[in-house]
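Some notes on the structure that comes next.
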Amino acid sequence: MMLLGSAVVLLVLYVQRLHGSALPAVSSYEFTAFRMQQYNFAQQKHGCREAIVVAEARSADEPSLTRRCVIMKVQDFTVEKYFEVLRQNAAAILILLPRNISSIPHETVKSFMVSENEALQKETLTPVYVVPEDEQLLYMYEEVKQAAASRTSSIFVRVLRSMVTATAFQIFVSNNNAIKAISDNTVVTLEGMLPGKGEDAPTIVITAHYDSYGLAPWLSYGADSNGSGVTILLELARLFQKLYSSSSTRPQYNLMFSLTGGGKYNFLGTKRWIEENLDHAESSLLHDNVAFVMCLDTLGKGDELYLHTSRPPKPDSPLNSFVQQLEEVVSSRFPWVKVGLVHKKINLVESTVPWEHERYSLRRILGFTLSHVEDPKSGLRGSILDTLSQVDFRKLKRNGIIIAEALARYMYNLSDKGSPKDVQLFKGQLDFQDSRMSSLMTFLTSVPRAAQLLHKEPAQILLVNSLEHEFKHYLQNVHRHTFRQDKRDPDVTFFDQMNQPIVMYRVKPAAFDLFLGGCITAYLAIVYYSIQNFGHLYSKLKAAVKTKYQ
């Protein structure tokens, strides 16, 4: 009987050890998570439609995920697992995002970007949240991971652990307000110029979009896409302003710069800006002789430089001359860089365009895009993993130098003047400044630049105002164009509740309380029986001892 009592005590202690790593039964932890994109565009719905979650936390490794909140790390979020979770009608997905993105292996980053891109193509009723990792959330992840791994243990351990930890974590997201559409969206485009020599000088337009995109708007910092393009554009404005400040070095080209909003939504800001200049303005440089439009997009790394265009350059055309200058600069100074010409006709059936230059091509203005990305559908162009750590500043500066040198050689017609192919124009006071480029990139990635945040949140409004200040410092005739959507027929509709408070509860399940209560009752019953029959038990024990020593 005493052995039975000891067994019960050991069993209780074992159960407590299994449960001992848990937080107290009444403990809870509140954190802010960021909801997946939700928007309507081109008569299609994208992102998650729901925000409310009340579900038990489970690992993605579990076989049954129905009505569960699936906890994933970045490496767990694959296309296969994502669609499997949706197929099983999970209650929600919670993705833990490392605070140090540079620690994520390159192959994992590529895989996540592919999954992220796939997830954003369609709508889902399953709420998807992303949250930066912390100690408590990592602890929860390890616990649910261990619970899933315990399926390989013995049946007794599996049942016992299931009783103790199966419902240990509850995820609670509640909002009494329904998700509302945001129809009063605005898009801002900045414009400035450097006037060339002569009254009828042709115009070269340099443009880049400044907004970002990713799985969750509040985590979309867009370092490479397209903070890199904006940084190079601002450096080009600074350097060419010095050349234009003197009549002896001012070329016979007007140089127009523009920073456009809505780039991640079919280049909406570019579309409206072109319409305003061509259809509504009485006089505009776009009406006159435009040599070409150069769009800068995703230039922060890689040893490839692709020139995307809607039609192959014709001999003796401005585009063909620029391509020749570009190739000369690369071959003479950066021979390891691959220059590629990517020709893709515009598909008039499609409602969206993959590159900004196609907005100009549709209006019969010659344009092209420079990028280290060959495939316009690449996940590199819209990811929450596109942070400052993903940018190679040496290659960003190199790409800026290549573009500046090629553009200057074209504008000053240096090839026809017999200048050496390896001549360096941008050096000394005209050199790209490492500290300035670093400061610009740091500033651009200091806040998320998702389109739905840019003109509603104070920090994002300040960022756009600062870009306008940069334009006014180096350029002339700076204008700020604010385009408001038609509320009755908006181009894109965003939705609110993009960041939500989430509460994680760590509770002891009822099964555990019943099991522990049964163990305690059994132990007390044994103690009571022993007291009531103490004389009999004592006689038996005395007889057993006497027999042993006879």
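To be explicit about the labels: the chains of the structure tokens are called A, B, and onward in the order shown, and within each one the residues are counted from 1, while ligands get numbers from 1 in the order they are shown.
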If we count only C-alpha atoms, what is near Leu215 (chain A) at a cut-off of 7 Å, once residues fewer than 6 positions away on the same chain are taken out, given as a PDB file with C-alpha atoms, in the first residue's frame?
```
ATOM      1  CA  MET A  36      -1.767  40.741 -43.876  1.00  0.00           C
ATOM      2  CA  GLN A  37      -2.550  43.123 -46.744  1.00  0.00           C
ATOM      3  CA  GLU A 116       4.740  35.766 -49.698  1.00  0.00           C
ATOM      4  CA  LEU A 120      -0.801  38.023 -51.867  1.00  0.00           C
ATOM      5  CA  SER A 383       8.615  41.637 -49.327  1.00  0.00           C
ATOM      6  CA  ILE A 384       8.698  42.318 -45.604  1.00  0.00           C
TER       7      ILE A 384
END
```
What's around region 91-98 of chain A at 6 Å? Count only C-alpha atoms, leave out sequence neighbours fewer than 4 positions away in its own chain, and write the answer as a compact mmCIF listing (two decimals) with all heavy atoms, in the first residue's frame.
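To be explicit, this is the file written out as selection_37.txt:
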```txt
# COMPACT_ATOMS: atom_id res chain seq x y z
N ARG A 67 -9.53 24.89 -37.21
CA ARG A 67 -9.90 25.81 -36.14
C ARG A 67 -8.78 26.02 -35.14
O ARG A 67 -9.00 26.23 -33.96
CB ARG A 67 -11.18 25.34 -35.43
CG ARG A 67 -12.40 25.33 -36.34
CD ARG A 67 -13.66 25.08 -35.56
NE ARG A 67 -13.65 23.78 -34.89
CZ ARG A 67 -14.01 22.64 -35.48
NH1 ARG A 67 -14.40 22.65 -36.76
NH2 ARG A 67 -13.99 21.50 -34.83
N ARG A 68 -7.54 25.97 -35.61
CA ARG A 68 -6.37 26.24 -34.77
C ARG A 68 -5.63 27.46 -35.31
O ARG A 68 -5.70 27.76 -36.49
CB ARG A 68 -5.41 25.04 -34.75
CG ARG A 68 -6.03 23.74 -34.24
CD ARG A 68 -6.34 23.81 -32.75
NE ARG A 68 -6.73 22.52 -32.21
CZ ARG A 68 -7.99 22.11 -32.07
NH1 ARG A 68 -8.98 22.91 -32.45
NH2 ARG A 68 -8.27 20.93 -31.57
N CYS A 69 -4.92 28.13 -34.42
CA CYS A 69 -4.03 29.22 -34.83
C CYS A 69 -2.64 28.62 -35.04
O CYS A 69 -1.99 28.17 -34.10
CB CYS A 69 -3.99 30.32 -33.77
SG CYS A 69 -2.88 31.68 -34.18
N VAL A 70 -2.18 28.63 -36.28
CA VAL A 70 -0.93 27.97 -36.65
C VAL A 70 0.23 28.94 -36.46
O VAL A 70 0.24 30.03 -37.03
CB VAL A 70 -0.97 27.46 -38.10
CG1 VAL A 70 0.31 26.72 -38.45
CG2 VAL A 70 -2.19 26.56 -38.30
N ILE A 71 1.19 28.54 -35.62
CA ILE A 71 2.36 29.37 -35.34
C ILE A 71 3.51 28.94 -36.24
O ILE A 71 3.87 27.77 -36.28
CB ILE A 71 2.78 29.24 -33.86
CG1 ILE A 71 1.57 29.38 -32.94
CG2 ILE A 71 3.84 30.29 -33.52
CD1 ILE A 71 0.84 30.70 -33.05
N MET A 72 4.08 29.90 -36.98
CA MET A 72 5.15 29.60 -37.92
C MET A 72 6.31 30.55 -37.72
O MET A 72 6.12 31.71 -37.37
CB MET A 72 4.67 29.74 -39.38
CG MET A 72 3.63 28.76 -39.84
SD MET A 72 3.25 29.07 -41.60
CE MET A 72 2.15 27.71 -41.96
N LYS A 73 7.51 30.06 -38.00
CA LYS A 73 8.66 30.92 -38.21
C LYS A 73 8.80 31.16 -39.72
O LYS A 73 8.10 30.54 -40.51
CB LYS A 73 9.93 30.29 -37.65
CG LYS A 73 10.08 30.40 -36.14
CD LYS A 73 11.47 29.93 -35.71
CE LYS A 73 11.69 30.16 -34.22
NZ LYS A 73 13.06 29.76 -33.81
N THR A 126 -8.90 33.36 -44.00
CA THR A 126 -8.08 33.04 -42.83
C THR A 126 -7.23 34.24 -42.44
O THR A 126 -6.41 34.70 -43.25
CB THR A 126 -7.16 31.84 -43.11
OG1 THR A 126 -7.96 30.72 -43.51
CG2 THR A 126 -6.35 31.48 -41.88
N PRO A 127 -7.40 34.77 -41.24
CA PRO A 127 -6.55 35.90 -40.82
C PRO A 127 -5.08 35.48 -40.76
O PRO A 127 -4.74 34.42 -40.23
CB PRO A 127 -7.08 36.25 -39.42
CG PRO A 127 -8.45 35.67 -39.37
CD PRO A 127 -8.41 34.45 -40.22
N VAL A 128 -4.23 36.32 -41.32
CA VAL A 128 -2.79 36.08 -41.30
C VAL A 128 -2.14 37.28 -40.62
O VAL A 128 -2.36 38.43 -41.02
CB VAL A 128 -2.22 35.90 -42.72
CG1 VAL A 128 -0.71 35.68 -42.67
CG2 VAL A 128 -2.91 34.74 -43.43
N TYR A 129 -1.35 37.00 -39.59
CA TYR A 129 -0.67 38.05 -38.84
C TYR A 129 0.83 37.80 -38.84
O TYR A 129 1.29 36.65 -38.89
CB TYR A 129 -1.16 38.11 -37.39
CG TYR A 129 -2.54 38.70 -37.23
CD1 TYR A 129 -3.67 37.90 -37.22
CD2 TYR A 129 -2.70 40.08 -37.09
CE1 TYR A 129 -4.93 38.44 -37.07
CE2 TYR A 129 -3.97 40.63 -36.94
CZ TYR A 129 -5.08 39.81 -36.93
OH TYR A 129 -6.31 40.36 -36.80
N VAL A 130 1.58 38.89 -38.79
CA VAL A 130 3.04 38.82 -38.66
C VAL A 130 3.43 39.62 -37.43
O VAL A 130 2.91 40.72 -37.20
CB VAL A 130 3.75 39.40 -39.90
CG1 VAL A 130 5.26 39.19 -39.79
CG2 VAL A 130 3.22 38.76 -41.17
N VAL A 131 4.33 39.07 -36.64
CA VAL A 131 4.76 39.75 -35.42
C VAL A 131 6.26 39.57 -35.23
O VAL A 131 6.79 38.48 -35.47
CB VAL A 131 3.99 39.20 -34.19
CG1 VAL A 131 4.19 37.70 -34.03
CG2 VAL A 131 4.39 39.93 -32.92
N PRO A 132 6.98 40.62 -34.86
CA PRO A 132 8.41 40.47 -34.57
C PRO A 132 8.62 39.54 -33.38
O PRO A 132 7.88 39.58 -32.40
CB PRO A 132 8.85 41.91 -34.24
CG PRO A 132 7.85 42.78 -34.92
CD PRO A 132 6.56 42.04 -34.84
N GLU A 133 9.63 38.71 -33.49
CA GLU A 133 9.91 37.74 -32.43
C GLU A 133 10.31 38.43 -31.13
O GLU A 133 10.92 39.51 -31.13
CB GLU A 133 11.07 36.83 -32.85
CG GLU A 133 10.75 35.86 -33.96
CD GLU A 133 11.95 35.02 -34.36
OE1 GLU A 133 13.06 35.31 -33.87
OE2 GLU A 133 11.78 34.09 -35.15
```
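If you look at CA of Phe31 (chain A) and CA of Gln136 (chain A), they are 9.8 Å away from each other.
Excluding Asn177 (chain A) itself and same-chain residues fewer than 6 positions from it, the residues having an atom within 12 Å of it are Glu50, Ala51, Ile52, Asp496, Gln497 and Gln500 of chain A, counting only C-alpha atoms.
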Could you save the residues just selected, with all heavy atoms, as a short mmCIF file (atom, residue, chain, number, x, y, z; two decimals), in the first residue's frame?
```cif
data_model
loop_
_atom_site.label_atom_id
_atom_site.label_comp_id
_atom_site.auth_asym_id
_atom_site.auth_seq_id
_atom_site.Cartn_x
_atom_site.Cartn_y
_atom_site.Cartn_z
N GLU A 50 -10.52 38.70 -42.81
CA GLU A 50 -10.96 38.65 -41.41
C GLU A 50 -9.84 39.09 -40.49
O GLU A 50 -8.65 39.07 -40.83
CB GLU A 50 -11.41 37.23 -41.04
CG GLU A 50 -12.60 36.73 -41.84
CD GLU A 50 -13.88 37.47 -41.54
OE1 GLU A 50 -13.97 38.08 -40.45
OE2 GLU A 50 -14.80 37.46 -42.37
N ALA A 51 -10.23 39.48 -39.26
CA ALA A 51 -9.25 39.92 -38.27
C ALA A 51 -9.41 39.22 -36.93
O ALA A 51 -8.46 39.10 -36.17
CB ALA A 51 -9.35 41.44 -38.07
N ILE A 52 -10.62 38.75 -36.61
CA ILE A 52 -10.90 38.18 -35.29
C ILE A 52 -10.36 36.75 -35.20
O ILE A 52 -10.56 35.94 -36.10
CB ILE A 52 -12.40 38.21 -34.99
CG1 ILE A 52 -12.89 39.66 -34.94
CG2 ILE A 52 -12.72 37.50 -33.69
CD1 ILE A 52 -14.38 39.80 -34.74
N ASP A 496 -8.96 49.04 -43.12
CA ASP A 496 -8.32 49.41 -41.86
C ASP A 496 -7.98 48.18 -41.02
O ASP A 496 -8.06 47.05 -41.49
CB ASP A 496 -9.19 50.39 -41.07
CG ASP A 496 -10.55 49.80 -40.68
OD1 ASP A 496 -10.79 48.60 -40.97
OD2 ASP A 496 -11.36 50.53 -40.08
N GLN A 497 -7.61 48.43 -39.76
CA GLN A 497 -7.24 47.38 -38.80
C GLN A 497 -6.05 46.56 -39.28
O GLN A 497 -6.05 45.33 -39.27
CB GLN A 497 -8.43 46.46 -38.50
CG GLN A 497 -9.63 47.18 -37.90
CD GLN A 497 -10.76 46.25 -37.52
OE1 GLN A 497 -10.52 45.09 -37.16
NE2 GLN A 497 -11.98 46.75 -37.58
N GLN A 500 -3.03 45.04 -34.88
CA GLN A 500 -3.99 44.61 -33.89
C GLN A 500 -3.30 44.16 -32.61
O GLN A 500 -2.25 43.51 -32.65
CB GLN A 500 -4.81 43.42 -34.44
CG GLN A 500 -5.71 43.75 -35.60
CD GLN A 500 -7.01 44.39 -35.15
OE1 GLN A 500 -7.18 44.67 -33.98
NE2 GLN A 500 -7.91 44.63 -36.07
#
```
Mind the document's chain letters and residue numbers, and return as a PDB file with N, CA and C atoms, in the first residue's frame the residues of region 33-92 of chain A that DSSP labels strand (DSSP E or B).
```pdb
ATOM      1  N   ALA A  33       0.437  42.680 -33.299  1.00  0.00           N
ATOM      2  CA  ALA A  33       0.726  41.953 -34.539  1.00  0.00           C
ATOM      3  C   ALA A  33       0.184  42.747 -35.720  1.00  0.00           C
ATOM      4  N   PHE A  34       0.696  42.443 -36.884  1.00  0.00           N
ATOM      5  CA  PHE A  34       0.371  43.218 -38.080  1.00  0.00           C
ATOM      6  C   PHE A  34      -0.315  42.320 -39.095  1.00  0.00           C
ATOM      7  N   ARG A  35      -1.501  42.751 -39.484  1.00  0.00           N
ATOM      8  CA  ARG A  35      -2.332  41.923 -40.353  1.00  0.00           C
ATOM      9  C   ARG A  35      -1.850  41.966 -41.788  1.00  0.00           C
ATOM     10  N   GLN A  38      -4.837  43.794 -47.121  1.00  0.00           N
ATOM     11  CA  GLN A  38      -6.205  43.606 -47.599  1.00  0.00           C
ATOM     12  C   GLN A  38      -6.554  44.796 -48.487  1.00  0.00           C
ATOM     13  N   TYR A  39      -6.784  44.519 -49.754  1.00  0.00           N
ATOM     14  CA  TYR A  39      -7.132  45.590 -50.675  1.00  0.00           C
ATOM     15  C   TYR A  39      -7.860  45.016 -51.886  1.00  0.00           C
ATOM     16  N   ASN A  40      -8.618  45.870 -52.537  1.00  0.00           N
ATOM     17  CA  ASN A  40      -9.289  45.520 -53.785  1.00  0.00           C
ATOM     18  C   ASN A  40      -8.647  46.329 -54.900  1.00  0.00           C
ATOM     19  N   PHE A  41      -8.301  45.644 -55.965  1.00  0.00           N
ATOM     20  CA  PHE A  41      -7.625  46.321 -57.072  1.00  0.00           C
ATOM     21  C   PHE A  41      -7.976  45.636 -58.379  1.00  0.00           C
ATOM     22  N   GLN A  44     -10.375  42.807 -58.382  1.00  0.00           N
ATOM     23  CA  GLN A  44      -9.939  41.585 -57.714  1.00  0.00           C
ATOM     24  C   GLN A  44      -9.651  41.882 -56.243  1.00  0.00           C
ATOM     25  N   LYS A  45      -9.922  40.899 -55.404  1.00  0.00           N
ATOM     26  CA  LYS A  45      -9.689  41.039 -53.971  1.00  0.00           C
ATOM     27  C   LYS A  45      -8.388  40.342 -53.593  1.00  0.00           C
ATOM     28  N   HIS A  46      -7.597  41.001 -52.751  1.00  0.00           N
ATOM     29  CA  HIS A  46      -6.310  40.461 -52.332  1.00  0.00           C
ATOM     30  C   HIS A  46      -6.210  40.501 -50.808  1.00  0.00           C
ATOM     31  N   GLY A  47      -5.511  39.493 -50.253  1.00  0.00           N
ATOM     32  CA  GLY A  47      -5.227  39.495 -48.825  1.00  0.00           C
ATOM     33  C   GLY A  47      -6.314  38.852 -47.991  1.00  0.00           C
ATOM     34  N   CYS A  48      -6.188  38.974 -46.677  1.00  0.00           N
ATOM     35  CA  CYS A  48      -7.120  38.314 -45.763  1.00  0.00           C
ATOM     36  C   CYS A  48      -8.293  39.237 -45.464  1.00  0.00           C
ATOM     37  N   VAL A  53      -9.711  36.450 -34.074  1.00  0.00           N
ATOM     38  CA  VAL A  53      -9.154  35.111 -33.840  1.00  0.00           C
ATOM     39  C   VAL A  53      -9.397  34.724 -32.380  1.00  0.00           C
ATOM     40  N   VAL A  54      -9.950  33.552 -32.152  1.00  0.00           N
ATOM     41  CA  VAL A  54     -10.032  32.949 -30.826  1.00  0.00           C
ATOM     42  C   VAL A  54      -9.739  31.468 -31.045  1.00  0.00           C
ATOM     43  N   ALA A  55      -8.511  31.070 -30.811  1.00  0.00           N
ATOM     44  CA  ALA A  55      -8.133  29.709 -31.178  1.00  0.00           C
ATOM     45  C   ALA A  55      -6.947  29.225 -30.363  1.00  0.00           C
ATOM     46  N   GLU A  56      -6.795  27.932 -30.365  1.00  0.00           N
ATOM     47  CA  GLU A  56      -5.675  27.276 -29.708  1.00  0.00           C
ATOM     48  C   GLU A  56      -4.452  27.307 -30.618  1.00  0.00           C
ATOM     49  N   ALA A  57      -3.293  27.564 -30.044  1.00  0.00           N
ATOM     50  CA  ALA A  57      -2.053  27.627 -30.819  1.00  0.00           C
ATOM     51  C   ALA A  57      -1.544  26.230 -31.131  1.00  0.00           C
ATOM     52  N   ARG A  58      -1.140  26.034 -32.367  1.00  0.00           N
ATOM     53  CA  ARG A  58      -0.590  24.753 -32.797  1.00  0.00           C
ATOM     54  C   ARG A  58       0.582  24.983 -33.746  1.00  0.00           C
ATOM     55  N   SER A  59       1.456  24.008 -33.797  1.00  0.00           N
ATOM     56  CA  SER A  59       2.577  24.044 -34.738  1.00  0.00           C
ATOM     57  C   SER A  59       2.093  23.637 -36.126  1.00  0.00           C
ATOM     58  N   ARG A  68      -7.537  25.972 -35.613  1.00  0.00           N
ATOM     59  CA  ARG A  68      -6.371  26.235 -34.769  1.00  0.00           C
ATOM     60  C   ARG A  68      -5.633  27.461 -35.311  1.00  0.00           C
ATOM     61  N   CYS A  69      -4.915  28.128 -34.424  1.00  0.00           N
ATOM     62  CA  CYS A  69      -4.027  29.219 -34.835  1.00  0.00           C
ATOM     63  C   CYS A  69      -2.639  28.624 -35.045  1.00  0.00           C
ATOM     64  N   VAL A  70      -2.179  28.626 -36.280  1.00  0.00           N
ATOM     65  CA  VAL A  70      -0.926  27.965 -36.646  1.00  0.00           C
ATOM     66  C   VAL A  70       0.233  28.943 -36.458  1.00  0.00           C
ATOM     67  N   ILE A  71       1.195  28.537 -35.619  1.00  0.00           N
ATOM     68  CA  ILE A  71       2.357  29.372 -35.337  1.00  0.00           C
ATOM     69  C   ILE A  71       3.506  28.943 -36.239  1.00  0.00           C
ATOM     70  N   MET A  72       4.081  29.897 -36.981  1.00  0.00           N
ATOM     71  CA  MET A  72       5.154  29.601 -37.920  1.00  0.00           C
ATOM     72  C   MET A  72       6.312  30.550 -37.720  1.00  0.00           C
ATOM     73  N   LYS A  73       7.510  30.055 -37.997  1.00  0.00           N
ATOM     74  CA  LYS A  73       8.659  30.925 -38.214  1.00  0.00           C
ATOM     75  C   LYS A  73       8.798  31.162 -39.719  1.00  0.00           C
ATOM     76  N   ALA A  92      -6.347  30.770 -37.967  1.00  0.00           N
ATOM     77  CA  ALA A  92      -5.455  31.898 -38.248  1.00  0.00           C
ATOM     78  C   ALA A  92      -4.036  31.391 -38.445  1.00  0.00           C
TER      79      ALA A  92
END
```
| Counting only C-alpha atoms, what is within 10 Å of Lys81 (chain A), bar same-chain residues fewer than 6 positions away, as a VMD selection string? | chain A and resid 60 to 61 72 87 115
Per residue of region 335-359 of chain A within 6 Å of region 308-327 of chain A, what are the shortest atom pair and its distance in Å to one decimal, counting only C-alpha atoms, with rows by chain and residue number, as CSV?
```
residue,atom,partner,partner_atom,distance
A:Val342,CA,A:His308,CA,4.7
A:His343,CA,A:Thr309,CA,5.2
A:Lys344,CA,A:Ser310,CA,5.1
A:Lys345,CA,A:Ser310,CA,4.9
```
| helix (DSSP H, G or I) residues, from DSSP on the backbone, in region 260-389 of chain A, as a PyMOL selection string | chain A and resi 268-280+318-333+357-361+379-381+388-389
| said: Show me, as a list in words, the residues that have an atom within 8 Å of region 265-270 of chain A when counting only C-alpha atoms, minus same-chain residues fewer than 4 positions from it. | reply: Phe41, Val187, Val188, Thr189, His209, Thr260, Gly261, Ile274, Thr352, Val353, Pro354, Glu356, Arg359, Phe483 and Val492 of chain A
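Going from CA of Phe432 (chain A) to CA of Phe334 (chain A) covers 16.0 Å.
Among the candidates A:Ser371, A:Asn347, A:Asn477, A:Thr231, the residue lying nearest to Ser439 (chain A) is A:Thr231 (atoms considered: only C-alpha atoms).
Comparing the minimum interatomic distances between Leu243 (chain A) and each of A:Arg381, A:Arg436, A:Lys197, A:His287, counting only C-alpha atoms, we find that A:Lys197 sits nearest.
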| message | I'd like the neighbourhood of Asn413 (chain A) as JSON, numbers by chain, where a residue qualifies if any of its atoms comes within 10 Å (using only C-alpha atoms), though same-chain residues fewer than 4 positions away should be ignored. | response | {"A": [251, 321, 322, 325, 407, 408, 409, 417, 418, 419]}
Using only C-alpha atoms, which residues sit within 12 Å of Val423 (chain A) once same-chain residues fewer than 6 positions away are excluded, as a compact mmCIF listing (two decimals) with all heavy atoms, in the first residue's frame?
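Ended up saving to selection00.txt:
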```
# COMPACT_ATOMS: atom_id res chain seq x y z
N GLN A 325 26.30 53.77 -74.57
CA GLN A 325 27.08 54.44 -73.53
C GLN A 325 27.11 53.59 -72.25
O GLN A 325 28.15 53.49 -71.58
CB GLN A 325 26.47 55.81 -73.23
CG GLN A 325 26.37 56.75 -74.41
CD GLN A 325 27.73 57.12 -74.96
OE1 GLN A 325 28.76 56.96 -74.31
NE2 GLN A 325 27.76 57.63 -76.19
N GLU A 328 29.55 50.77 -72.72
CA GLU A 328 30.93 51.24 -72.71
C GLU A 328 31.42 51.49 -71.27
O GLU A 328 32.54 51.13 -70.92
CB GLU A 328 31.05 52.53 -73.53
CG GLU A 328 31.06 52.30 -75.03
CD GLU A 328 31.37 53.57 -75.79
OE1 GLU A 328 31.65 54.60 -75.14
OE2 GLU A 328 31.33 53.55 -77.04
N VAL A 329 30.57 52.10 -70.46
CA VAL A 329 30.95 52.36 -69.06
C VAL A 329 31.19 51.06 -68.33
O VAL A 329 32.18 50.89 -67.61
CB VAL A 329 29.85 53.19 -68.35
CG1 VAL A 329 30.16 53.30 -66.85
CG2 VAL A 329 29.75 54.57 -68.97
N VAL A 330 30.31 50.10 -68.53
CA VAL A 330 30.43 48.82 -67.82
C VAL A 330 31.65 48.05 -68.29
O VAL A 330 32.43 47.53 -67.48
CB VAL A 330 29.15 47.98 -68.01
CG1 VAL A 330 29.35 46.56 -67.48
CG2 VAL A 330 27.97 48.64 -67.30
N SER A 332 34.40 49.08 -69.64
CA SER A 332 35.68 49.73 -69.36
C SER A 332 36.00 49.80 -67.87
O SER A 332 37.17 49.74 -67.48
CB SER A 332 35.70 51.13 -69.96
OG SER A 332 34.68 51.94 -69.38
N ARG A 333 34.98 49.88 -67.02
CA ARG A 333 35.23 50.09 -65.59
C ARG A 333 34.71 48.97 -64.70
O ARG A 333 35.26 48.72 -63.62
CB ARG A 333 34.62 51.42 -65.15
CG ARG A 333 35.25 52.64 -65.82
CD ARG A 333 34.68 53.92 -65.25
NE ARG A 333 34.82 53.98 -63.79
CZ ARG A 333 34.28 54.94 -63.05
NH1 ARG A 333 33.56 55.90 -63.62
NH2 ARG A 333 34.45 54.94 -61.74
N ILE A 402 27.44 53.88 -62.61
CA ILE A 402 27.23 53.43 -63.98
C ILE A 402 26.15 54.27 -64.66
O ILE A 402 26.31 54.73 -65.80
CB ILE A 402 26.84 51.93 -63.99
CG1 ILE A 402 28.02 51.06 -63.57
CG2 ILE A 402 26.33 51.51 -65.38
CD1 ILE A 402 27.67 49.59 -63.40
N GLU A 405 27.39 58.00 -65.17
CA GLU A 405 28.39 58.11 -66.22
C GLU A 405 27.77 57.90 -67.61
O GLU A 405 28.08 58.64 -68.56
CB GLU A 405 29.51 57.09 -65.99
CG GLU A 405 30.35 57.32 -64.74
CD GLU A 405 31.38 58.43 -64.94
OE1 GLU A 405 31.43 59.02 -66.04
OE2 GLU A 405 32.13 58.71 -63.98
N ALA A 406 26.91 56.89 -67.72
CA ALA A 406 26.28 56.63 -69.02
C ALA A 406 25.39 57.79 -69.44
O ALA A 406 25.38 58.20 -70.62
CB ALA A 406 25.47 55.34 -68.95
N ALA A 408 25.64 60.99 -68.50
CA ALA A 408 26.47 62.15 -68.84
C ALA A 408 27.13 61.97 -70.20
O ALA A 408 27.20 62.91 -70.99
CB ALA A 408 27.51 62.36 -67.75
N ARG A 409 27.64 60.78 -70.48
CA ARG A 409 28.28 60.53 -71.77
C ARG A 409 27.28 60.74 -72.91
O ARG A 409 27.61 61.26 -73.97
CB ARG A 409 28.85 59.11 -71.82
CG ARG A 409 30.06 58.88 -70.92
CD ARG A 409 30.54 57.43 -71.00
NE ARG A 409 31.03 57.13 -72.34
CZ ARG A 409 32.30 57.31 -72.73
NH1 ARG A 409 33.19 57.80 -71.89
NH2 ARG A 409 32.67 57.02 -73.96
N LEU A 414 29.93 62.33 -75.61
CA LEU A 414 31.38 62.16 -75.46
C LEU A 414 31.96 61.15 -76.45
O LEU A 414 33.13 61.28 -76.84
CB LEU A 414 31.70 61.72 -74.03
CG LEU A 414 31.38 62.74 -72.92
CD1 LEU A 414 31.84 62.23 -71.58
CD2 LEU A 414 32.03 64.09 -73.23
N SER A 415 31.19 60.17 -76.84
CA SER A 415 31.72 59.16 -77.78
C SER A 415 32.09 59.79 -79.11
O SER A 415 33.16 59.52 -79.68
CB SER A 415 30.69 58.04 -77.99
OG SER A 415 30.52 57.31 -76.80
```
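We find CA of Trp218 (chain A) and CA of Lys145 (chain A) to be spaced 27.5 Å apart.
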